[in-house]
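J.: So that you have it, the file is query.txt, and it contains compact mmCIF, C-alpha atoms and all ligand atoms:
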```
# COMPACT_ATOMS: atom_id res chain seq x y z
CA MET A 1 5.49 -20.72 -9.62
CA ASN A 2 7.01 -17.51 -11.05
CA ILE A 3 5.50 -14.32 -9.67
CA LEU A 4 6.35 -10.95 -11.21
CA VAL A 5 6.18 -8.17 -8.63
CA THR A 6 6.16 -4.65 -10.08
CA GLY A 7 7.32 -2.07 -7.56
CA GLY A 8 8.74 -4.95 -5.52
CA ALA A 9 11.48 -2.78 -4.01
CA GLY A 10 8.98 -0.35 -2.47
CA TYR A 11 7.65 -0.43 1.09
CA ILE A 12 4.70 -2.84 0.80
CA GLY A 13 6.18 -4.51 -2.28
CA SER A 14 9.45 -5.51 -0.59
CA HIS A 15 7.66 -6.93 2.46
CA THR A 16 5.44 -8.96 0.14
CA VAL A 17 8.47 -10.20 -1.81
CA HIS A 18 9.99 -11.53 1.45
CA GLU A 19 6.73 -13.30 2.30
CA LEU A 20 6.52 -14.81 -1.22
CA VAL A 21 10.10 -16.09 -0.99
CA ASN A 22 9.40 -17.56 2.47
CA GLN A 23 6.42 -19.40 1.02
CA GLY A 24 8.47 -20.91 -1.79
CA PHE A 25 7.51 -18.75 -4.77
CA ASP A 26 10.09 -17.70 -7.37
CA VAL A 27 10.03 -13.93 -7.50
CA ILE A 28 10.94 -11.60 -10.31
CA VAL A 29 10.91 -7.89 -9.48
CA LEU A 30 10.46 -5.05 -11.96
CA ASP A 31 11.19 -1.72 -10.26
CA SER A 32 12.40 1.64 -11.56
CA LEU A 33 14.27 2.11 -8.23
CA GLU A 34 13.12 5.73 -8.30
CA ASN A 35 11.54 5.25 -4.88
CA GLY A 36 12.37 1.60 -4.22
CA HIS A 37 15.33 0.23 -2.29
CA LYS A 38 17.38 -2.53 -3.88
CA GLU A 39 18.84 -3.35 -0.45
CA PHE A 40 15.34 -4.24 0.86
CA LEU A 41 15.14 -7.23 -1.46
CA PRO A 42 16.11 -10.75 -0.41
CA GLU A 43 19.01 -12.42 -2.17
CA ASN A 44 18.33 -14.75 -5.09
CA ILE A 45 15.50 -12.84 -6.64
CA HIS A 46 15.65 -11.59 -10.21
CA LEU A 47 15.62 -7.80 -10.29
CA PHE A 48 14.90 -5.90 -13.51
CA LYS A 49 15.43 -2.16 -13.33
CA GLY A 50 12.78 -0.75 -15.60
CA ASN A 51 9.81 1.52 -15.98
CA LEU A 52 6.20 0.70 -16.81
CA ALA A 53 6.21 3.67 -19.20
CA SER A 54 8.41 1.52 -21.45
CA LEU A 55 6.75 -1.47 -23.13
CA SER A 56 10.18 -2.84 -23.96
CA ASP A 57 11.25 -2.74 -20.28
CA ILE A 58 8.17 -4.82 -19.43
CA GLU A 59 8.53 -7.19 -22.38
CA LYS A 60 12.13 -7.99 -21.43
CA VAL A 61 10.84 -9.56 -18.23
CA PHE A 62 8.17 -11.64 -19.96
CA ILE A 63 10.62 -12.80 -22.63
CA SER A 64 13.19 -14.01 -20.12
CA HIS A 65 10.79 -15.63 -17.58
CA LYS A 66 7.61 -17.61 -17.87
CA ILE A 67 5.38 -15.57 -15.57
CA ASP A 68 2.44 -17.28 -13.84
CA ALA A 69 0.96 -14.24 -12.11
CA VAL A 70 1.67 -10.58 -11.48
CA ILE A 71 1.40 -8.57 -8.27
CA HIS A 72 1.26 -4.94 -9.33
CA PHE A 73 2.48 -2.37 -6.78
CA ALA A 74 4.46 0.06 -8.94
CA ALA A 75 2.80 3.46 -8.59
CA TYR A 76 3.23 6.97 -7.26
CA ALA A 77 1.42 7.31 -3.95
CA LEU A 78 1.56 10.86 -2.60
CA VAL A 79 -1.88 12.44 -2.36
CA GLY A 80 -0.53 16.01 -2.09
CA GLU A 81 1.75 15.61 -5.10
CA SER A 82 -1.12 14.14 -7.14
CA MET A 83 -3.11 17.35 -6.58
CA GLU A 84 -0.23 19.43 -7.97
CA ASN A 85 0.74 17.12 -10.81
CA PRO A 86 -2.20 14.88 -11.77
CA VAL A 87 -0.75 14.04 -15.19
CA LYS A 88 2.29 12.45 -13.52
CA TYR A 89 -0.12 10.16 -11.64
CA PHE A 90 -2.21 9.26 -14.68
CA HIS A 91 0.95 8.61 -16.71
CA ASN A 92 2.48 6.23 -14.18
CA ASN A 93 -0.47 4.71 -12.34
CA LEU A 94 -2.88 4.47 -15.26
CA ALA A 95 -0.88 4.45 -18.53
CA GLY A 96 1.94 2.40 -16.97
CA GLY A 97 -0.62 -0.09 -15.68
CA ILE A 98 -2.21 -0.36 -19.12
CA ASN A 99 1.21 -1.15 -20.62
CA LEU A 100 1.53 -3.93 -18.07
CA ILE A 101 -1.92 -5.39 -18.90
CA LYS A 102 -1.21 -5.16 -22.66
CA THR A 103 2.01 -7.10 -22.18
CA MET A 104 0.34 -9.66 -19.93
CA LEU A 105 -2.33 -10.30 -22.57
CA LYS A 106 0.34 -10.53 -25.28
CA PHE A 107 2.17 -13.22 -23.31
CA ASN A 108 -1.05 -14.92 -22.22
CA VAL A 109 -0.54 -14.16 -18.51
CA LYS A 110 -4.00 -13.66 -17.04
CA ASN A 111 -3.65 -13.46 -13.28
CA ILE A 112 -3.05 -10.18 -11.48
CA VAL A 113 -3.25 -8.88 -7.92
CA PHE A 114 -3.53 -5.09 -7.88
CA SER A 115 -2.40 -2.88 -5.04
CA SER A 116 -5.20 -0.35 -4.67
CA THR A 117 -6.29 1.98 -1.91
CA CYS A 118 -9.16 3.13 0.29
CA ALA A 119 -8.59 6.53 -1.39
CA THR A 120 -10.78 5.13 -4.19
CA TYR A 121 -13.83 5.61 -1.92
CA GLY A 122 -13.44 9.35 -1.23
CA ILE A 123 -15.45 10.81 1.66
CA PRO A 124 -17.30 7.95 3.41
CA GLU A 125 -21.08 8.00 3.22
CA ARG A 126 -21.16 5.32 5.92
CA LEU A 127 -18.67 3.48 8.15
CA PRO A 128 -17.10 1.00 8.21
CA LEU A 129 -16.33 1.08 4.49
CA ASP A 130 -17.38 -2.05 2.68
CA GLU A 131 -16.55 -2.90 -0.91
CA ILE A 132 -19.95 -1.85 -2.27
CA HIS A 133 -19.56 1.66 -0.90
CA PRO A 134 -19.63 4.12 -3.86
CA THR A 135 -16.22 5.13 -5.24
CA ASN A 136 -15.86 8.91 -5.55
CA PRO A 137 -12.15 9.68 -5.07
CA VAL A 138 -11.39 13.19 -3.85
CA ASN A 139 -7.76 13.27 -5.00
CA TYR A 140 -6.00 12.37 -8.24
CA TYR A 141 -4.00 9.59 -6.59
CA GLY A 142 -7.25 7.82 -5.65
CA LEU A 143 -8.74 8.58 -9.07
CA SER A 144 -5.72 7.14 -10.92
CA LYS A 145 -6.06 3.93 -8.86
CA ARG A 146 -9.83 3.75 -9.42
CA MET A 147 -9.38 4.27 -13.18
CA PHE A 148 -6.92 1.41 -13.32
CA GLU A 149 -9.35 -0.77 -11.35
CA GLN A 150 -11.88 -0.05 -14.13
CA VAL A 151 -9.33 -1.13 -16.74
CA LEU A 152 -8.93 -4.41 -14.86
CA GLU A 153 -12.68 -4.88 -14.52
CA SER A 154 -13.07 -4.34 -18.29
CA SER A 155 -10.18 -6.65 -19.16
CA GLN A 156 -12.14 -9.54 -17.66
CA ILE A 157 -13.84 -9.99 -21.04
CA GLN A 158 -10.36 -10.65 -22.46
CA GLY A 159 -9.90 -13.40 -19.90
CA MET A 160 -8.06 -11.44 -17.19
CA ASN A 161 -8.54 -12.61 -13.59
CA TYR A 162 -7.88 -9.94 -11.02
CA VAL A 163 -7.91 -9.38 -7.30
CA ILE A 164 -8.04 -5.72 -6.27
CA LEU A 165 -6.78 -5.09 -2.74
CA ARG A 166 -7.79 -1.74 -1.26
CA TYR A 167 -5.37 -1.04 1.56
CA PHE A 168 -6.14 1.20 4.47
CA ASN A 169 -3.15 2.74 6.34
CA ALA A 170 -0.14 0.47 5.91
CA ALA A 171 2.45 0.76 8.69
CA GLY A 172 4.98 -1.26 10.68
CA ALA A 173 8.03 -3.28 9.75
CA ALA A 174 9.14 -6.90 9.34
CA PHE A 175 11.92 -9.04 7.81
CA GLY A 176 14.56 -6.50 8.92
CA ILE A 177 13.18 -3.87 6.52
CA GLY A 178 10.86 -0.95 7.16
CA GLU A 179 9.17 2.21 6.01
CA LYS A 180 11.53 4.59 4.27
CA HIS A 181 9.94 7.24 2.08
CA ASN A 182 11.57 10.37 0.76
CA PRO A 183 9.94 12.72 1.56
CA GLU A 184 8.22 11.05 4.50
CA THR A 185 4.59 12.15 4.84
CA HIS A 186 3.11 9.30 6.90
CA LEU A 187 2.11 9.76 10.49
CA ILE A 188 3.78 6.84 12.31
CA PRO A 189 7.32 7.24 10.88
CA LEU A 190 7.10 11.01 11.40
CA VAL A 191 6.11 10.61 15.07
CA LEU A 192 8.92 8.08 15.60
CA GLU A 193 11.44 10.47 14.05
CA VAL A 194 10.55 12.93 16.83
CA ALA A 195 10.98 10.18 19.44
CA LEU A 196 14.43 9.49 17.96
CA GLY A 197 15.36 13.17 18.22
CA LYS A 198 15.65 13.54 14.45
CA LYS A 199 12.83 16.10 14.42
CA ASP A 200 11.75 18.63 17.03
CA HIS A 201 8.00 18.03 16.84
CA VAL A 202 5.17 16.37 15.00
CA LYS A 203 2.39 18.38 13.43
CA VAL A 204 -1.18 17.31 14.08
CA PHE A 205 -3.28 18.28 11.09
CA GLY A 206 -6.64 19.30 12.51
CA THR A 207 -8.01 19.00 16.05
CA ASP A 208 -11.57 20.07 15.24
CA TYR A 209 -12.84 16.99 13.43
CA PRO A 210 -16.14 15.44 14.56
CA THR A 211 -14.30 12.53 16.23
CA LYS A 212 -13.86 11.54 19.90
CA ASP A 213 -10.71 13.67 20.38
CA GLY A 214 -11.01 16.00 17.38
CA THR A 215 -8.25 14.32 15.34
CA CYS A 216 -8.62 12.09 12.27
CA ILE A 217 -9.25 8.39 12.66
CA ARG A 218 -7.56 5.82 10.43
CA ASP A 219 -7.44 2.04 10.21
CA TYR A 220 -3.73 1.13 10.54
CA ILE A 221 -2.77 -2.23 9.12
CA HIS A 222 0.51 -4.06 9.68
CA VAL A 223 2.55 -4.42 6.50
CA LEU A 224 3.05 -8.09 7.43
CA ASP A 225 -0.71 -8.64 7.40
CA LEU A 226 -0.82 -6.94 4.00
CA ALA A 227 1.93 -9.24 2.72
CA SER A 228 0.03 -12.33 3.83
CA ALA A 229 -3.15 -11.07 2.14
CA HIS A 230 -1.31 -11.05 -1.21
CA ILE A 231 -0.52 -14.74 -0.94
CA LEU A 232 -4.18 -15.56 -0.26
CA ALA A 233 -5.22 -13.27 -3.12
CA LEU A 234 -2.85 -15.15 -5.46
CA LYS A 235 -4.33 -18.44 -4.36
CA SER A 236 -7.86 -17.19 -5.07
CA LEU A 237 -6.72 -16.41 -8.62
CA TRP A 238 -5.92 -20.08 -9.21
CA VAL A 239 -9.63 -20.76 -8.98
CA GLU A 240 -10.21 -17.93 -11.47
CA LYS A 241 -12.10 -15.76 -9.09
CA SER A 242 -11.94 -12.01 -9.58
CA GLY A 243 -12.84 -9.72 -6.72
CA VAL A 244 -12.19 -6.57 -4.73
CA TYR A 245 -11.29 -6.61 -1.04
CA ASN A 246 -10.66 -4.05 1.66
CA LEU A 247 -7.62 -4.73 3.81
CA GLY A 248 -7.96 -3.19 7.24
CA THR A 249 -8.50 -4.25 10.83
CA GLY A 250 -11.98 -2.77 11.24
CA LYS A 251 -10.67 -0.67 14.15
CA GLY A 252 -9.90 3.02 13.99
CA THR A 253 -7.17 4.91 15.86
CA SER A 254 -7.01 8.70 16.12
CA VAL A 255 -3.89 10.78 15.43
CA LYS A 256 -3.66 11.62 19.16
CA GLU A 257 -3.95 7.94 20.09
CA VAL A 258 -1.16 7.05 17.65
CA ILE A 259 1.09 9.68 19.28
CA ASP A 260 0.25 8.39 22.78
CA ILE A 261 1.09 4.80 21.80
CA CYS A 262 4.35 6.00 20.21
CA LYS A 263 5.22 7.74 23.51
CA GLU A 264 4.47 4.57 25.48
CA VAL A 265 6.37 2.24 23.13
CA SER A 266 9.44 4.47 22.75
CA GLY A 267 9.47 5.77 26.33
CA LYS A 268 10.21 9.23 24.89
CA ASP A 269 8.37 12.48 25.13
CA ILE A 270 6.99 13.64 21.79
CA LYS A 271 6.38 17.33 21.18
CA VAL A 272 3.16 18.06 19.31
CA VAL A 273 2.25 21.20 17.37
CA GLU A 274 -1.38 21.58 16.40
CA GLU A 275 -1.90 22.75 12.84
CA ALA A 276 -4.80 23.42 10.50
CA ARG A 277 -6.52 20.54 8.73
CA ARG A 278 -4.66 19.03 5.78
CA PRO A 279 -6.78 19.45 2.61
CA GLY A 280 -8.45 16.27 1.40
CA ASP A 281 -8.33 14.37 4.73
CA PRO A 282 -11.62 12.60 5.52
CA PRO A 283 -12.34 12.65 9.30
CA GLU A 284 -12.57 8.88 9.58
CA LEU A 285 -11.60 5.91 7.40
CA VAL A 286 -12.21 2.45 8.79
CA ALA A 287 -12.51 -0.75 6.77
CA SER A 288 -15.02 -3.49 6.97
CA PRO A 289 -12.72 -6.53 6.69
CA ILE A 290 -15.66 -8.98 6.56
CA LYS A 291 -15.48 -9.82 2.83
CA ALA A 292 -11.73 -10.51 2.92
CA LYS A 293 -12.27 -12.85 5.86
CA LYS A 294 -15.20 -14.66 4.30
CA GLU A 295 -13.80 -15.06 0.79
CA LEU A 296 -10.00 -14.99 1.16
CA GLY A 297 -9.80 -16.38 4.69
CA TRP A 298 -7.70 -13.35 5.60
CA GLU A 299 -7.71 -11.47 8.87
CA ALA A 300 -5.31 -8.92 10.37
CA LYS A 301 -3.31 -10.51 13.20
CA HIS A 302 -1.60 -7.35 14.49
CA ASN A 303 -3.08 -4.42 16.38
CA ILE A 304 -1.92 -0.81 16.45
CA LYS A 305 0.49 -1.42 19.33
CA ASP A 306 2.15 -4.35 17.49
CA ILE A 307 2.45 -2.11 14.44
CA ILE A 308 4.09 0.75 16.34
CA LYS A 309 6.40 -1.61 18.28
CA SER A 310 7.68 -3.15 15.04
CA ALA A 311 8.14 0.28 13.45
CA TRP A 312 9.96 1.60 16.55
CA GLU A 313 12.28 -1.41 16.59
CA TRP A 314 13.18 -0.88 12.94
CA HIS A 315 13.53 2.92 13.10
CA SER A 316 15.65 2.82 16.25
CA LYS A 317 18.01 0.33 14.58
CA HIS A 318 18.25 2.48 11.43
CA LYS A 319 18.66 5.97 12.86
CA ASP A 320 20.89 7.01 9.99
CA ILE A 321 18.08 6.56 7.46
N1 LIG B 401 -1.10 13.38 9.99
C1 LIG B 401 -0.76 14.34 10.92
N2 LIG B 401 0.52 14.80 10.90
C2 LIG B 401 1.47 14.36 10.02
C3 LIG B 401 1.10 13.37 9.08
C4 LIG B 401 -0.20 12.90 9.10
O1 LIG B 401 -1.59 14.78 11.72
O2 LIG B 401 2.60 14.85 10.07
C5 LIG B 401 -2.48 12.85 10.00
C6 LIG B 401 -3.18 12.99 8.65
O3 LIG B 401 -3.82 14.25 8.58
C7 LIG B 401 -4.17 11.82 8.70
C8 LIG B 401 -3.43 10.76 9.53
O4 LIG B 401 -2.40 11.46 10.23
O5 LIG B 401 -5.33 12.18 9.39
C9 LIG B 401 -2.78 9.69 8.68
O6 LIG B 401 -2.02 10.33 7.67
P1 LIG B 401 -1.02 9.57 6.73
O7 LIG B 401 -0.37 10.59 5.82
O8 LIG B 401 -0.11 8.71 7.54
O9 LIG B 401 -1.95 8.59 5.89
P2 LIG B 401 -3.25 8.90 4.96
O10 LIG B 401 -4.43 8.62 5.84
O11 LIG B 401 -3.18 10.29 4.46
O12 LIG B 401 -3.12 7.88 3.87
```
With the file now loaded, output its structure as structure tokens.
T.:
Amino acid sequence: MNILVTGGAGYIGSHTVHELVNQGFDVIVLDSLENGHKEFLPENIHLFKGNLASLSDIEKVFISHKIDAVIHFAAYALVGESMENPVKYFHNNLAGGINLIKTMLKFNVKNIVFSSTCATYGIPERLPLDEIHPTNPVNYYGLSKRMFEQVLESSQIQGMNYVILRYFNAAGAAFGIGEKHNPETHLIPLVLEVALGKKDHVKVFGTDYPTKDGTCIRDYIHVLDLASAHILALKSLWVEKSGVYNLGTGKGTSVKEVIDICKEVSGKDIKVVEEARRPGDPPELVASPIKAKKELGWEAKHNIKDIIKSAWEWHSKHKDI
């Protein structure tokens, strides 16, 4: 089975590629390597350096390999940047995605798993977030992902089967690779950089939220659990079943709790500086994972401590990064 993974050299993409290879799939990666890391990929996979903005870059892959299904990760993913440069996000995440779908239809490839986000929901009207919660994204990143979901939903009448996976907060490390963004904006790697002495302090964005300790609550999900969800999503495509699923644990952890667990796991003191709220941050985002369990047979196996332990192990081995 040949699986094309766009953005396969990125953080979640590369972990999923390792899981696919372990489970015996043949993997072809299309990645611009703008943010991806070639060195994160296992040996013996076919890597095409190319951009979804270019139909010919995409077609090259489909001409040289018979693709059975696509897992589509390639996207820009910084909320803040999307608010300063929305067109960049629509160009890559929406127009690039449409180029991919056009090429898939041209080559009669009709199975796709799409890497989406809980940012498609916007400010929760109720918690935990289930898949029928209204989608009203409050940033252009979330909007670009939601618009592409609508393209997929519409392409069903052309025979496309899709599984949309809306991730909550991906974190952790596995397969000897980890989270390496430039710039880094995510909480767990930033806290661990302080524990490693690479940064003086971590900023806590907002301590006056209506939560138990005043800081934002998120549903952190181990990247390994995300990787395994993609395999189950692929399998559900074989029975031609389209659907949308939240991927989270159903348990929320506050920013302060994350910092406390990082202190415990690393054994280091971590200096905290309280700052104003970061614009666009909902107070609490927690998934209802019930549908994914019922229909995909998927469930997160790792808790927040497992996630932070795995991240700490990887970051402390790769201090130079
Ligand atoms: N956060 C923080 N300090 C940081 C980075 C993040 O307090 O240096 C908070 C952020 O406001 C949010 C939570 O940590 O409430 C998770 O943020 P992250 O950027 O990791 O993921 P997001 O929820 O934005 O996708």
J.: Please check which protein, DNA or RNA residues sit within 8 Å of ligand LIG 401 (chain B), counting all atoms listed in the file, and write them as a ChimeraX atom specification.
T.: /A:79,119,168-169,185-188,190-191,202-206,215-218,254-255,277-278,281-285
J.: Which residues are near A:Phe48? Cut-off 7 Å, all atoms listed in the file, ignore same chain within fewer than 3 positions. Put them as number ranges by chain.
T.: A: 29-31
J.: Go ahead and write the residues just picked, C-alpha atoms, as a PDB file, keeping the file's coordinate frame.
T.:
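Just written: result.pdb:
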```pdb
ATOM      1  CA  VAL A  29      10.910  -7.890  -9.480  1.00  0.00           C
ATOM      2  CA  LEU A  30      10.460  -5.050 -11.960  1.00  0.00           C
ATOM      3  CA  ASP A  31      11.190  -1.720 -10.260  1.00  0.00           C
TER       4      ASP A  31
END
```
J.: May I ask which of the residues A:Ile270, A:Ala174, A:Val163, A:Ala287 is the closest one to A:Ile112, counting all atoms listed in the file?
T.: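 Ranking A:Ile270, A:Ala174, A:Val163, A:Ala287 by distance to A:Ile112, first place goes to A:Val163.
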J.: May I ask for the distance between atom CA of A:Phe73 and atom CA of A:Asn93, given in Å to one decimal place?
T.: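 Going from atom CA of A:Phe73 over to atom CA of A:Asn93, I get 9.5 Å.
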J.: Compare A:Ile164, A:Val87, A:Leu196, A:Ile308 by their minimum atom-to-atom distance to A:Ser115, counting only C-alpha atoms, and give me the closest one.
T.: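 Of A:Ile164, A:Val87, A:Leu196, A:Ile308, the one nearest A:Ser115, counting only C-alpha atoms, is A:Ile164.
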J.: Under the rule that all atoms listed in the file are counted, which of A:His18, A:Lys319, A:His230, A:Lys241 is the nearest residue to A:Trp298?
T.: A:His230
J.: So which residues are close to (4.4, 14.0, -1.7), meaning at most 8 Å away in the file's coordinates with all atoms listed in the file counted, and can you show them as a list in words?
T.: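 Output of the proximity query reads Ala77, Leu78, Val79, Gly80, Glu81, Ser82, Pro183, Glu184 and Thr185 of chain A.
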J.: List the neighbours of A:Ser288 out to 9 Å using all atoms listed in the file; skip same-chain residues closer than 3 positions along the sequence, and give me the result as an MDAnalysis selection string.
T.: chainID A and resid 127:131 246:251 291:292
J.: Using Å and a single decimal, report how far atom CA of A:Ala171 sits from atom CA of A:Ala95.
T.: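 Atom CA of A:Ala95 sits 27.7 Å away from atom CA of A:Ala171.
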J.: When distances are computed from all atoms listed in the file, which of A:Ile290, A:Val223, A:Ile259, A:Leu52 shows the smallest separation from A:Val273?
T.: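 When distances to A:Val273 are compared using all atoms listed in the file, the smallest one comes from A:Ile259.
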J.: Determine the nearest neighbour of A:Phe148 from the options A:Ser236, A:Thr6, A:Gln23, A:Thr117, counting only C-alpha atoms.
T.: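 Distance minimum relative to A:Phe148 lands on A:Thr117.
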J.: When distances are computed from all atoms listed in the file, which of A:Ala75, A:Ile67, A:Ile307, A:Val272 shows the smallest separation from A:Ala9?
T.: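 Selected residue with least distance to A:Ala9: A:Ala75.
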J.: By how many Å are atom CA of A:Gly243 and atom CA of A:Asn22 apart?
T.: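 Between these atoms lies a distance of 25.3 Å.
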J.: Can you find the residues with an atom no farther than 8 Å from (7.0, -0.3, 2.3), counting all atoms listed in the file, and report them as a PyMOL selection string?
T.: chain A and resi 10-15+171+178-180+223
J.: Might you pull out every residue within 8 Å of A:Ile123, with all atoms listed in the file counted and same-chain residues fewer than 5 positions away left off, and present them as JSON, numbers by chain?
T.: {"A": [136, 137, 138, 282]}
J.: Just want the 12 Å neighbourhood of A:Gly176, counted on all atoms listed in the file, with same-chain residues fewer than 2 positions away dropped. Output as a PDB file with C-alpha atoms, keeping the file's coordinate frame.
T.:
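Contents of the output file part-v6.pdb:
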```pdb
ATOM      1  CA  SER A  14       9.450  -5.510  -0.590  1.00  0.00           C
ATOM      2  CA  HIS A  15       7.660  -6.930   2.460  1.00  0.00           C
ATOM      3  CA  HIS A  18       9.990 -11.530   1.450  1.00  0.00           C
ATOM      4  CA  GLU A  39      18.840  -3.350  -0.450  1.00  0.00           C
ATOM      5  CA  PHE A  40      15.340  -4.240   0.860  1.00  0.00           C
ATOM      6  CA  LEU A  41      15.140  -7.230  -1.460  1.00  0.00           C
ATOM      7  CA  PRO A  42      16.110 -10.750  -0.410  1.00  0.00           C
ATOM      8  CA  GLY A 172       4.980  -1.260  10.680  1.00  0.00           C
ATOM      9  CA  ALA A 173       8.030  -3.280   9.750  1.00  0.00           C
ATOM     10  CA  ALA A 174       9.140  -6.900   9.340  1.00  0.00           C
ATOM     11  CA  GLY A 178      10.860  -0.950   7.160  1.00  0.00           C
ATOM     12  CA  GLU A 179       9.170   2.210   6.010  1.00  0.00           C
ATOM     13  CA  LEU A 224       3.050  -8.090   7.430  1.00  0.00           C
ATOM     14  CA  SER A 310       7.680  -3.150  15.040  1.00  0.00           C
ATOM     15  CA  ALA A 311       8.140   0.280  13.450  1.00  0.00           C
ATOM     16  CA  GLU A 313      12.280  -1.410  16.590  1.00  0.00           C
ATOM     17  CA  TRP A 314      13.180  -0.880  12.940  1.00  0.00           C
ATOM     18  CA  HIS A 315      13.530   2.920  13.100  1.00  0.00           C
ATOM     19  CA  SER A 316      15.650   2.820  16.250  1.00  0.00           C
ATOM     20  CA  LYS A 317      18.010   0.330  14.580  1.00  0.00           C
ATOM     21  CA  HIS A 318      18.250   2.480  11.430  1.00  0.00           C
TER      22      HIS A 318
END
```
J.: Extract, using only C-alpha atoms, all DNA, RNA and protein residues at most 9 Å from A:Ile231, discarding same-chain residues fewer than 3 positions from it, and format them as a PyMOL selection string.
T.: chain A and resi 16+19-20+23+227-228+234-236
